[in-house]
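What follows is entry_13.cif (mmCIF, C-alpha atoms and all ligand atoms).
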data_input
#
loop_
_atom_site.label_atom_id
_atom_site.label_comp_id
_atom_site.auth_asym_id
_atom_site.auth_seq_id
_atom_site.Cartn_x
_atom_site.Cartn_y
_atom_site.Cartn_z
CA MET N 26 -183.75 -27.06 -41.35
CA GLU N 27 -180.12 -26.66 -42.17
CA TYR N 28 -177.93 -29.43 -40.82
CA ALA N 29 -174.42 -29.19 -39.40
CA VAL N 30 -173.44 -31.89 -41.87
CA GLU N 31 -175.40 -33.33 -44.76
CA THR N 32 -173.98 -35.70 -47.36
CA PHE N 33 -175.38 -36.46 -50.81
CA ASP N 34 -174.31 -39.83 -52.24
CA LEU N 35 -170.83 -39.07 -51.00
CA THR N 36 -168.40 -41.54 -52.54
CA LYS N 37 -164.64 -42.09 -52.56
CA VAL N 38 -162.97 -44.71 -54.71
CA PHE N 39 -159.27 -45.46 -54.35
CA GLU N 40 -157.28 -47.21 -57.01
CA SER N 41 -154.20 -49.04 -55.91
CA LYS N 42 -151.74 -51.34 -57.59
CA GLU N 43 -150.61 -54.46 -55.80
CA GLY N 44 -148.04 -56.57 -57.59
CA GLY N 45 -149.01 -55.01 -60.91
CA VAL N 46 -152.71 -55.78 -60.36
CA LYS N 47 -155.07 -52.83 -60.24
CA ARG N 48 -157.43 -52.84 -57.27
CA ILE N 49 -160.43 -50.61 -56.80
CA ILE N 50 -161.51 -49.85 -53.25
CA LYS N 51 -164.84 -48.22 -52.59
CA ALA N 52 -163.80 -46.64 -49.31
CA VAL N 53 -167.01 -44.58 -49.06
CA ASP N 54 -169.95 -45.73 -51.16
CA HIS N 55 -172.97 -43.43 -51.71
CA VAL N 56 -173.26 -42.27 -48.12
CA ASN N 57 -176.24 -40.08 -47.16
CA ILE N 58 -176.19 -38.86 -43.58
CA LYS N 59 -177.52 -35.85 -41.73
CA VAL N 60 -176.07 -34.51 -38.51
CA ARG N 61 -178.18 -32.02 -36.56
CA ARG N 62 -176.67 -28.86 -35.12
CA GLY N 63 -175.48 -29.45 -31.57
CA GLU N 64 -175.65 -33.21 -31.93
CA PHE N 65 -173.06 -35.62 -30.47
CA PHE N 66 -172.87 -37.99 -33.38
CA GLY N 67 -171.03 -41.32 -33.43
CA LEU N 68 -169.54 -42.92 -36.51
CA LEU N 69 -168.73 -46.57 -36.01
CA GLY N 70 -167.42 -49.42 -38.08
CA PRO N 71 -164.74 -52.08 -38.19
CA ASN N 72 -161.23 -51.29 -39.47
CA GLY N 73 -161.35 -50.13 -43.06
CA ALA N 74 -165.09 -49.31 -42.97
CA GLY N 75 -164.44 -45.84 -44.42
CA LYS N 76 -164.89 -43.61 -41.37
CA THR N 77 -161.62 -41.70 -41.71
CA THR N 78 -162.07 -41.33 -45.47
CA LEU N 79 -165.56 -39.91 -44.92
CA ILE N 80 -164.26 -37.45 -42.33
CA LYS N 81 -161.33 -36.42 -44.55
CA MET N 82 -163.74 -35.54 -47.36
CA LEU N 83 -165.93 -33.52 -45.00
CA CYS N 84 -162.85 -31.66 -43.75
CA THR N 85 -161.77 -30.98 -47.37
CA ILE N 86 -158.52 -32.89 -46.92
CA ILE N 87 -159.38 -35.15 -49.87
CA LEU N 88 -161.84 -34.70 -52.72
CA PRO N 89 -164.83 -37.00 -53.28
CA THR N 90 -164.92 -39.20 -56.39
CA LYS N 91 -168.67 -38.65 -56.61
CA GLY N 92 -171.42 -36.88 -54.69
CA THR N 93 -170.90 -33.98 -52.32
CA ALA N 94 -171.68 -32.72 -48.83
CA LYS N 95 -172.53 -29.58 -46.96
CA VAL N 96 -170.80 -28.59 -43.75
CA ASN N 97 -172.47 -25.74 -41.89
CA GLY N 98 -174.36 -25.07 -45.12
CA TYR N 99 -171.23 -24.77 -47.30
CA ASP N 100 -170.44 -27.13 -50.14
CA ILE N 101 -167.22 -29.12 -49.58
CA ILE N 102 -166.25 -28.98 -53.27
CA ARG N 103 -167.24 -25.45 -54.20
CA GLU N 104 -166.56 -23.68 -50.88
CA PRO N 105 -163.68 -25.52 -49.21
CA MET N 106 -162.24 -22.45 -47.45
CA LYS N 107 -165.61 -21.60 -45.88
CA VAL N 108 -166.01 -25.24 -44.83
CA ARG N 109 -162.59 -25.18 -43.16
CA SER N 110 -163.42 -22.05 -41.22
CA CYS N 111 -166.36 -23.89 -39.60
CA LEU N 112 -164.64 -27.05 -38.44
CA GLY N 113 -161.98 -28.40 -36.15
CA TRP N 114 -160.32 -31.73 -36.97
CA PHE N 115 -158.54 -34.09 -34.65
CA HIS N 116 -157.10 -37.46 -35.57
CA GLY N 117 -156.03 -39.57 -32.60
CA GLU N 118 -153.43 -41.61 -34.41
CA THR N 119 -151.45 -38.65 -35.70
CA GLY N 120 -152.24 -36.78 -32.45
CA GLY N 121 -149.15 -35.48 -30.68
CA ARG N 122 -146.94 -35.82 -33.73
CA SER N 123 -148.29 -32.66 -35.30
CA LEU N 124 -147.20 -30.47 -32.40
CA TYR N 125 -143.78 -28.84 -32.13
CA TRP N 126 -142.20 -30.73 -29.29
CA ARG N 127 -139.54 -28.10 -28.62
CA LEU N 128 -142.10 -25.35 -28.13
CA SER N 129 -144.35 -24.84 -25.11
CA ALA N 130 -148.07 -25.61 -25.32
CA GLU N 131 -148.80 -21.90 -25.34
CA ASP N 132 -146.34 -21.19 -28.17
CA ASN N 133 -147.67 -24.11 -30.20
CA LEU N 134 -151.15 -22.61 -29.97
CA ARG N 135 -149.83 -19.12 -30.85
CA PHE N 136 -148.10 -20.54 -33.91
CA TYR N 137 -151.20 -22.36 -35.13
CA ALA N 138 -153.45 -19.37 -34.42
CA TYR N 139 -151.11 -17.29 -36.59
CA LEU N 140 -151.31 -19.90 -39.41
CA GLN N 141 -155.08 -19.80 -39.18
CA ASN N 142 -155.13 -15.99 -39.40
CA VAL N 143 -156.76 -15.48 -36.01
CA PRO N 144 -156.14 -11.79 -35.09
CA LYS N 145 -153.48 -11.52 -32.39
CA ASP N 146 -155.57 -10.01 -29.59
CA ILE N 147 -158.40 -12.50 -30.14
CA ALA N 148 -155.87 -15.34 -30.33
CA GLU N 149 -154.26 -14.38 -26.99
CA ARG N 150 -157.60 -14.32 -25.19
CA ARG N 151 -158.74 -17.53 -26.81
CA ILE N 152 -155.51 -19.37 -26.06
CA GLU N 153 -155.76 -18.39 -22.43
CA ALA N 154 -159.37 -19.59 -22.25
CA LEU N 155 -158.56 -22.85 -24.05
CA LEU N 156 -155.57 -23.62 -21.83
CA GLU N 157 -157.85 -23.08 -18.85
CA PHE N 158 -160.66 -25.23 -20.30
CA PHE N 159 -158.25 -28.09 -21.01
CA GLY N 160 -156.57 -27.86 -17.60
CA LEU N 161 -153.20 -26.82 -19.01
CA THR N 162 -152.73 -23.33 -17.55
CA LYS N 163 -150.27 -24.51 -14.91
CA ASP N 164 -148.08 -26.25 -17.50
CA LYS N 165 -148.52 -23.85 -20.40
CA LYS N 166 -144.86 -22.81 -20.46
CA LYS N 167 -143.51 -26.36 -20.34
CA LEU N 168 -142.13 -27.81 -23.56
CA VAL N 169 -144.56 -30.21 -25.24
CA LYS N 170 -141.84 -32.90 -25.33
CA ASP N 171 -142.15 -33.10 -21.54
CA TYR N 172 -145.94 -33.56 -21.68
CA SER N 173 -147.71 -36.88 -21.12
CA THR N 174 -149.67 -38.39 -24.01
CA GLY N 175 -152.95 -37.26 -22.41
CA MET N 176 -151.69 -33.68 -22.14
CA LYS N 177 -150.52 -33.67 -25.77
CA VAL N 178 -154.01 -34.79 -26.79
CA ARG N 179 -155.49 -31.89 -24.84
CA VAL N 180 -153.16 -29.41 -26.60
CA MET N 181 -154.24 -30.90 -29.93
CA LEU N 182 -157.89 -30.52 -28.99
CA ALA N 183 -157.23 -26.91 -28.03
CA ARG N 184 -155.51 -26.43 -31.39
CA ALA N 185 -158.61 -27.67 -33.20
CA LEU N 186 -160.64 -24.97 -31.43
CA LEU N 187 -158.41 -21.94 -32.05
CA HIS N 188 -160.68 -20.45 -34.72
CA ASN N 189 -163.76 -21.23 -32.59
CA PRO N 190 -165.45 -23.60 -35.08
CA PRO N 191 -169.02 -24.78 -34.39
CA ILE N 192 -168.33 -28.31 -35.71
CA LEU N 193 -165.68 -30.75 -34.49
CA PHE N 194 -164.54 -33.95 -36.19
CA MET N 195 -162.95 -36.19 -33.60
CA ASP N 196 -161.45 -39.28 -35.23
CA GLU N 197 -160.58 -41.74 -32.45
CA PRO N 198 -159.52 -39.07 -29.95
CA THR N 199 -159.00 -41.60 -27.14
CA ILE N 200 -156.89 -44.08 -29.07
CA GLY N 201 -153.71 -44.97 -27.19
CA LEU N 202 -154.73 -43.13 -24.02
CA ASP N 203 -154.61 -44.74 -20.57
CA THR N 204 -157.91 -45.12 -18.73
CA ILE N 205 -157.62 -41.91 -16.72
CA SER N 206 -156.70 -39.74 -19.70
CA ALA N 207 -159.48 -41.35 -21.75
CA VAL N 208 -162.04 -40.53 -19.04
CA GLU N 209 -160.76 -36.95 -18.93
CA THR N 210 -160.88 -36.61 -22.72
CA ARG N 211 -164.47 -37.91 -22.78
CA ARG N 212 -165.45 -35.42 -20.07
CA LEU N 213 -163.95 -32.56 -22.08
CA LEU N 214 -165.67 -33.63 -25.30
CA LYS N 215 -168.98 -33.85 -23.49
CA ALA N 216 -168.42 -30.35 -22.06
CA LEU N 217 -167.58 -28.97 -25.51
CA ASN N 218 -170.91 -30.32 -26.66
CA THR N 219 -173.15 -29.42 -23.73
CA GLU N 220 -171.51 -26.22 -22.45
CA LEU N 221 -170.22 -24.69 -25.68
CA GLY N 222 -172.84 -26.19 -28.01
CA LYS N 223 -170.33 -27.72 -30.44
CA THR N 224 -171.57 -30.32 -32.90
CA ILE N 225 -169.31 -33.34 -32.52
CA ILE N 226 -168.74 -36.11 -35.05
CA PHE N 227 -166.93 -38.80 -33.15
CA THR N 228 -165.37 -42.13 -34.10
CA SER N 229 -164.16 -44.87 -31.81
CA HIS N 230 -163.88 -48.63 -31.53
CA ASN N 231 -164.91 -48.55 -27.90
CA MET N 232 -168.55 -49.50 -27.48
CA PHE N 233 -168.71 -48.18 -23.94
CA GLU N 234 -167.60 -44.64 -24.79
CA VAL N 235 -169.80 -44.42 -27.85
CA GLU N 236 -172.79 -45.43 -25.79
CA GLN N 237 -171.89 -42.99 -23.07
CA LEU N 238 -171.34 -39.98 -25.33
CA CYS N 239 -173.38 -40.21 -28.51
CA GLU N 240 -177.01 -39.34 -29.04
CA ARG N 241 -177.05 -41.10 -32.38
CA ILE N 242 -174.86 -43.65 -34.08
CA VAL N 243 -174.29 -44.41 -37.72
CA MET N 244 -172.58 -47.69 -38.46
CA MET N 245 -170.51 -48.18 -41.58
CA LYS N 246 -169.13 -51.29 -43.20
CA ASP N 247 -167.32 -51.57 -46.54
CA GLY N 248 -168.00 -47.90 -47.20
CA ARG N 249 -171.75 -48.13 -46.70
CA VAL N 250 -174.12 -47.09 -43.91
CA ILE N 251 -175.60 -50.23 -42.34
CA ALA N 252 -177.42 -48.70 -39.36
CA ASP N 253 -178.54 -45.32 -38.04
CA ALA N 254 -179.99 -45.39 -34.53
CA PRO N 255 -179.65 -44.13 -30.95
CA PRO N 256 -177.21 -46.19 -28.83
CA SER N 257 -180.04 -47.71 -26.79
CA VAL N 258 -181.33 -49.48 -29.91
CA LEU N 259 -177.92 -50.95 -30.58
CA ARG N 260 -177.62 -52.07 -26.97
CA GLU N 261 -181.00 -53.75 -27.31
CA MET N 262 -179.71 -55.62 -30.35
CA LEU N 263 -177.02 -57.10 -28.16
CA ARG N 264 -179.44 -58.33 -25.51
CA ASP N 265 -179.52 -61.86 -26.83
CA VAL N 266 -175.86 -62.05 -27.76
CA ARG N 267 -173.86 -64.60 -25.78
CA ALA N 268 -170.18 -64.74 -26.57
CA VAL N 269 -167.16 -66.84 -25.69
CA GLU N 270 -163.46 -66.33 -26.38
CA VAL N 271 -161.18 -69.28 -26.99
CA GLU N 272 -157.43 -68.84 -26.76
CA ILE N 273 -155.62 -71.34 -28.99
CA ARG N 274 -152.08 -71.96 -27.73
CA GLU N 275 -150.44 -72.55 -31.08
CA ASN N 276 -151.22 -70.39 -34.06
CA GLY N 277 -150.63 -73.35 -36.41
CA ASP N 278 -153.78 -75.05 -35.07
CA LEU N 279 -155.98 -72.05 -35.87
CA SER N 280 -157.68 -73.10 -39.10
CA ARG N 281 -158.41 -76.61 -37.75
CA ALA N 282 -159.79 -75.03 -34.58
CA ILE N 283 -162.06 -72.63 -36.50
CA GLN N 284 -163.39 -75.50 -38.59
CA ALA N 285 -164.08 -77.63 -35.53
CA LEU N 286 -165.71 -74.77 -33.60
CA SER N 287 -167.93 -73.72 -36.52
CA SER N 288 -169.33 -77.24 -36.76
CA LEU N 289 -170.46 -77.36 -33.11
CA SER N 290 -174.22 -77.00 -32.91
CA ILE N 291 -174.05 -74.69 -29.89
CA VAL N 292 -171.83 -72.24 -31.79
CA ARG N 293 -173.81 -69.71 -33.84
CA ARG N 294 -170.91 -68.16 -35.63
CA VAL N 295 -167.28 -67.15 -35.49
CA VAL N 296 -167.23 -63.37 -35.01
CA GLU N 297 -163.59 -62.42 -34.92
CA VAL N 298 -160.16 -64.01 -35.07
CA LYS N 299 -157.13 -62.31 -33.56
CA SER N 300 -153.94 -64.00 -34.59
CA GLU N 301 -150.86 -63.24 -32.52
CA SER N 302 -147.25 -64.29 -33.09
CA LEU N 303 -147.61 -67.63 -31.29
CA SER N 304 -151.21 -67.94 -30.14
CA ALA N 305 -154.61 -66.88 -31.46
CA ILE N 306 -157.97 -65.85 -30.02
CA VAL N 307 -161.26 -66.88 -31.60
CA ARG N 308 -164.42 -65.04 -30.60
CA LEU N 309 -167.68 -66.93 -30.98
CA GLN N 310 -171.36 -66.18 -30.59
CA VAL N 311 -173.04 -69.10 -28.87
CA ASP N 312 -176.54 -70.07 -27.68
CA ASP N 313 -175.53 -70.54 -24.06
CA GLU N 314 -172.05 -69.74 -22.83
CA TYR N 315 -172.17 -72.13 -19.88
CA GLU N 316 -173.03 -75.09 -22.09
CA ALA N 317 -170.68 -73.97 -24.83
CA ILE N 318 -167.53 -73.83 -22.69
CA PRO N 319 -167.33 -77.58 -21.85
CA ALA N 320 -168.45 -78.55 -25.39
CA ILE N 321 -165.68 -76.41 -26.90
CA ALA N 322 -163.08 -77.75 -24.47
CA GLY N 323 -164.11 -81.35 -25.23
CA ARG N 324 -164.04 -80.96 -29.02
CA LEU N 325 -160.66 -79.21 -29.13
CA HIS N 326 -159.18 -81.66 -26.63
CA ASN N 327 -160.31 -84.61 -28.78
CA LEU N 328 -158.58 -83.08 -31.77
CA GLY N 329 -155.36 -82.57 -29.82
CA ILE N 330 -155.61 -78.77 -30.14
CA LYS N 331 -154.07 -77.06 -27.12
CA VAL N 332 -156.16 -74.34 -25.50
CA SER N 333 -154.86 -71.87 -22.93
CA ALA N 334 -158.21 -70.31 -21.97
CA ILE N 335 -161.92 -70.35 -22.68
CA ARG N 336 -163.92 -67.51 -21.18
CA ARG N 337 -167.27 -65.82 -21.34
CA SER N 338 -167.07 -62.43 -23.03
CA GLU N 339 -169.14 -59.25 -22.93
CA PRO N 340 -170.87 -58.24 -26.18
CA THR N 341 -168.81 -55.86 -28.31
CA LEU N 342 -169.25 -53.70 -31.40
CA GLU N 343 -168.05 -56.61 -33.52
CA ASP N 344 -171.12 -58.55 -32.44
CA ILE N 345 -173.36 -55.77 -33.72
CA PHE N 346 -171.46 -55.51 -37.00
CA VAL N 347 -171.75 -59.24 -37.56
CA LYS N 348 -175.42 -59.22 -36.67
CA LEU N 349 -176.22 -56.27 -38.92
CA THR N 350 -174.30 -57.55 -41.90
CA ARG N 351 -175.92 -60.97 -41.62
CA GLU N 352 -179.37 -59.43 -41.37
CA GLU N 353 -178.59 -57.27 -44.38
CA SER N 354 -177.52 -60.18 -46.54
CA ALA N 355 -180.30 -62.48 -45.27
N1 LIG Z 401 -155.03 -43.13 -49.61
C1 LIG Z 401 -155.55 -44.34 -49.79
N2 LIG Z 401 -155.23 -45.09 -50.87
C2 LIG Z 401 -155.78 -46.31 -51.07
N3 LIG Z 401 -156.66 -46.87 -50.23
C3 LIG Z 401 -157.03 -46.17 -49.13
C4 LIG Z 401 -156.49 -44.88 -48.85
N4 LIG Z 401 -157.04 -44.43 -47.68
C5 LIG Z 401 -157.87 -45.40 -47.27
N5 LIG Z 401 -157.87 -46.43 -48.11
C6 LIG Z 401 -158.68 -47.66 -48.00
O1 LIG Z 401 -160.03 -47.26 -47.86
C7 LIG Z 401 -160.71 -48.11 -46.95
C8 LIG Z 401 -161.32 -47.30 -45.82
O2 LIG Z 401 -160.27 -46.81 -45.00
P1 LIG Z 401 -160.51 -45.84 -43.75
O3 LIG Z 401 -159.19 -45.46 -43.22
O4 LIG Z 401 -161.42 -44.75 -44.17
O5 LIG Z 401 -161.28 -46.79 -42.73
P2 LIG Z 401 -161.64 -46.55 -41.17
O6 LIG Z 401 -163.08 -46.89 -41.04
O7 LIG Z 401 -161.20 -45.20 -40.76
O8 LIG Z 401 -160.79 -47.67 -40.46
P3 LIG Z 401 -160.08 -47.66 -39.00
O9 LIG Z 401 -161.13 -48.08 -38.03
O10 LIG Z 401 -159.01 -48.71 -39.14
O11 LIG Z 401 -159.53 -46.30 -38.75
C9 LIG Z 401 -159.70 -49.15 -46.51
O12 LIG Z 401 -159.85 -50.29 -47.32
C10 LIG Z 401 -158.37 -48.47 -46.76
O13 LIG Z 401 -157.36 -49.41 -47.00
MG MG Z 402 -159.94 -44.48 -39.28
#

Let me see the file written as structure tokens.
Ligand SMILES: Nc1ncnc2c1ncn2[C@@H]1O[C@H](COP(=O)(O)OP(=O)(O)OP(=O)(O)O)[C@@H](O)[C@H]1O
Ligand SMILES: [Mg+2]
Amino acid sequence: MEYAVETFDLTKVFESKEGGVKRIIKAVDHVNIKVRRGEFFGLLGPNGAGKTTLIKMLCTIILPTKGTAKVNGYDIIREPMKVRSCLGWFHGETGGRSLYWRLSAEDNLRFYAYLQNVPKDIAERRIEALLEFFGLTKDKKKLVKDYSTGMKVRVMLARALLHNPPILFMDEPTIGLDTISAVETRRLLKALNTELGKTIIFTSHNMFEVEQLCERIVMMKDGRVIADAPPSVLREMLRDVRAVEVEIRENGDLSRAIQALSSLSIVRRVVEVKSESLSAIVRLQVDDEYEAIPAIAGRLHNLGIKVSAIRRSEPTLEDIFVKLTREESA
């Protein structure tokens, strides 16, 4: 069977210089994945895991250091133009910035169709259909600068589909969207997959949307694949996770607080620390959240560490990452 995407020891190493010291970063490290045609495939991992770098290699934006991949059967190194003709790429963070804000949505799409050498009559029909699919027909003549963020995202998605590619790389398409626009974007992605049969490679930090959309999930950390499973398996892994968040009022107390919390017997591990300008939040996995909360409050109080909140917290992707990486190194 030929896959939509298949990678062979795909590797990308970056060299950077920091203060005169050479650093080598293995952003993607011997990755072997297979994505079936028509699959809604999720790529997950903490910040810096290598997801965007992997996608950029598959989209022929950057070259691998080692290994290769096939996209729609074409080799990314030897046949980059053929690869490009088969894929649409969308990156949430650069999203609206790559549109011309002083042109209408329709004219933006015409311009990009021209750049992609889509014949004019086909382009006109396709643009009309895409504007309709993305609910933009009514506003198609409005300048993009007057669009909401959600609408700009929809124009960008339409742009990625102008040459009618079978495979779509969606790198955090819902980042920065409000709840309603995110719901709408998810609905459209699902429709692209189920109604138009597009293969979708999707990244996100939102556990809920990944679970809702993806048939299969690959998790990456430090450039490597650490899990490959359907979302239900990952959910099952979280069944016994109990978590608590502790808000430390003064950032300066953070390291003392982490030390004190780690030494409590009811605390399994510190999962994540979010340091803000004044305060900080420490996320912990615990044996029993209802016993942990008073124990944590008591310990920190005894040490004179001011706490503004302690609350129970739903399991997140971070919990899975921590669990998987600990199991791997165990
Ligand atoms: N052009 C570059 N030069 C040097 N290092 C880079 C470059 N691009 C990425 N990196 C590094 O490679 C690693 C992987 O980055 P990448 O952006 O692929 O991660 P990611 O999984 O997409 O993270 P995020 O969830 O934050 O988007 C990081 O350590 C990053 O700093
Ligand atoms: Mg990224």

Review point. Hey, can you pull every residue with an atom no more than 8 Å from (-159.6, -45.7, -58.0), using only C-alpha atoms, and send it as a PyMOL selection string?
Key: chain N and resi 38-41+48-51

Point to revise | Test item: residues lying within 10 Å of ligand MG 402 (chain Z) with only C-alpha atoms and all ligand atoms, as a VMD selection string | key: chain N and resid 69 to 81 116 to 118 196 to 197 228 to 230

Exercise for review: Give the answer as one residue: which of N:Lys223, N:Lys145, N:Lys167, N:Lys37 has the shortest atom-to-atom distance to N:Arg61, using only C-alpha atoms?
Suggested key: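 Nearest to N:Arg61: N:Lys223.
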
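Counting from atom CA of N:Gly98, the distance to atom CA of N:Glu240 is 21.7 Å.
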
Review point. In Å to one decimal, how far is atom CA of N:Val295 from atom CA of N:Glu236?
Key: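 Atom CA of N:Val295 lies at a distance of 24.4 Å from atom CA of N:Glu236.
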
Practice item. Find the residue from N:Lys166, N:Asp265, N:Ser257, N:Lys299 that sits nearest to N:Arg127; use all atoms listed in the file when measuring. Key: N:Lys166

Point to revise | Residue contacts of N:Ser300 (8 Å, all atoms listed in the file) excluding same-chain residues fewer than 5 positions away, as a list in words | key: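 Listing them by chain and then by number gives Asn276, Ala305 and Ile306 of chain N.
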
Study note, to complete from the structure: Between atom CA of N:Glu64 and atom CA of N:Ile242 lies a distance of 10.7 Å

Check your understanding: Which of these residues is nearest to ligand LIG 401 (chain Z), using only C-alpha atoms and all ligand atoms: N:Pro191, N:Gly248, N:Pro255, N:Pro340?
Key -> N:Gly248

Check your understanding: Which is closer to N:Val271 than all the others in N:Lys47, N:Arg308, N:Arg184, N:Lys59, using all atoms listed in the file?
Key ->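 Ranked by minimum distance to N:Val271, first place goes to N:Arg308.
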
Write out as a compact mmCIF listing (two decimals) with C-alpha atoms, in the coordinates of the input each polymer residue whose atoms come within 12 Å of stretch 286-294 of chain N, counting all atoms listed in the file; drop sequence neighbours fewer than 6 positions from it.
# COMPACT_ATOMS: atom_id res chain seq x y z
CA ASP N 265 -179.52 -61.86 -26.83
CA VAL N 266 -175.86 -62.05 -27.76
CA ARG N 267 -173.86 -64.60 -25.78
CA ALA N 268 -170.18 -64.74 -26.57
CA VAL N 269 -167.16 -66.84 -25.69
CA GLU N 270 -163.46 -66.33 -26.38
CA VAL N 271 -161.18 -69.28 -26.99
CA ILE N 273 -155.62 -71.34 -28.99
CA LEU N 279 -155.98 -72.05 -35.87
CA SER N 280 -157.68 -73.10 -39.10
CA VAL N 307 -161.26 -66.88 -31.60
CA ARG N 308 -164.42 -65.04 -30.60
CA LEU N 309 -167.68 -66.93 -30.98
CA GLN N 310 -171.36 -66.18 -30.59
CA VAL N 311 -173.04 -69.10 -28.87
CA ASP N 312 -176.54 -70.07 -27.68
CA ASP N 313 -175.53 -70.54 -24.06
CA GLU N 314 -172.05 -69.74 -22.83
CA TYR N 315 -172.17 -72.13 -19.88
CA GLU N 316 -173.03 -75.09 -22.09
CA ALA N 317 -170.68 -73.97 -24.83
CA ILE N 318 -167.53 -73.83 -22.69
CA PRO N 319 -167.33 -77.58 -21.85
CA ALA N 320 -168.45 -78.55 -25.39
CA ILE N 321 -165.68 -76.41 -26.90
CA ALA N 322 -163.08 -77.75 -24.47
CA GLY N 323 -164.11 -81.35 -25.23
CA ARG N 324 -164.04 -80.96 -29.02
CA LEU N 325 -160.66 -79.21 -29.13
CA HIS N 326 -159.18 -81.66 -26.63
CA LEU N 328 -158.58 -83.08 -31.77
CA ILE N 330 -155.61 -78.77 -30.14
CA ASP N 344 -171.12 -58.55 -32.44
CA VAL N 347 -171.75 -59.24 -37.56
CA LYS N 348 -175.42 -59.22 -36.67
CA ARG N 351 -175.92 -60.97 -41.62

**Study point:** Residue nearest N:Gly175 - candidates N:Lys163, N:Pro198, N:Met244, N:His188, atoms counted: only C-alpha atoms
**Key:** N:Pro198

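Excluding N:Asp203 itself and any same-chain residue fewer than 4 positions from it, the protein and nucleic acid residues within 9 Å of it, counting only C-alpha atoms, are Thr174, Gly175, Thr199, Ala207 and Val208 of chain N.
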
Check your understanding: Which residue, N:Met181, N:Leu186, N:Met245, N:Val56, has the smallest gap to ligand LIG 401 (chain Z) when you use all atoms listed in the file?
Key ->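 Ranking N:Met181, N:Leu186, N:Met245, N:Val56 by distance to ligand LIG 401 (chain Z), first place goes to N:Met245.
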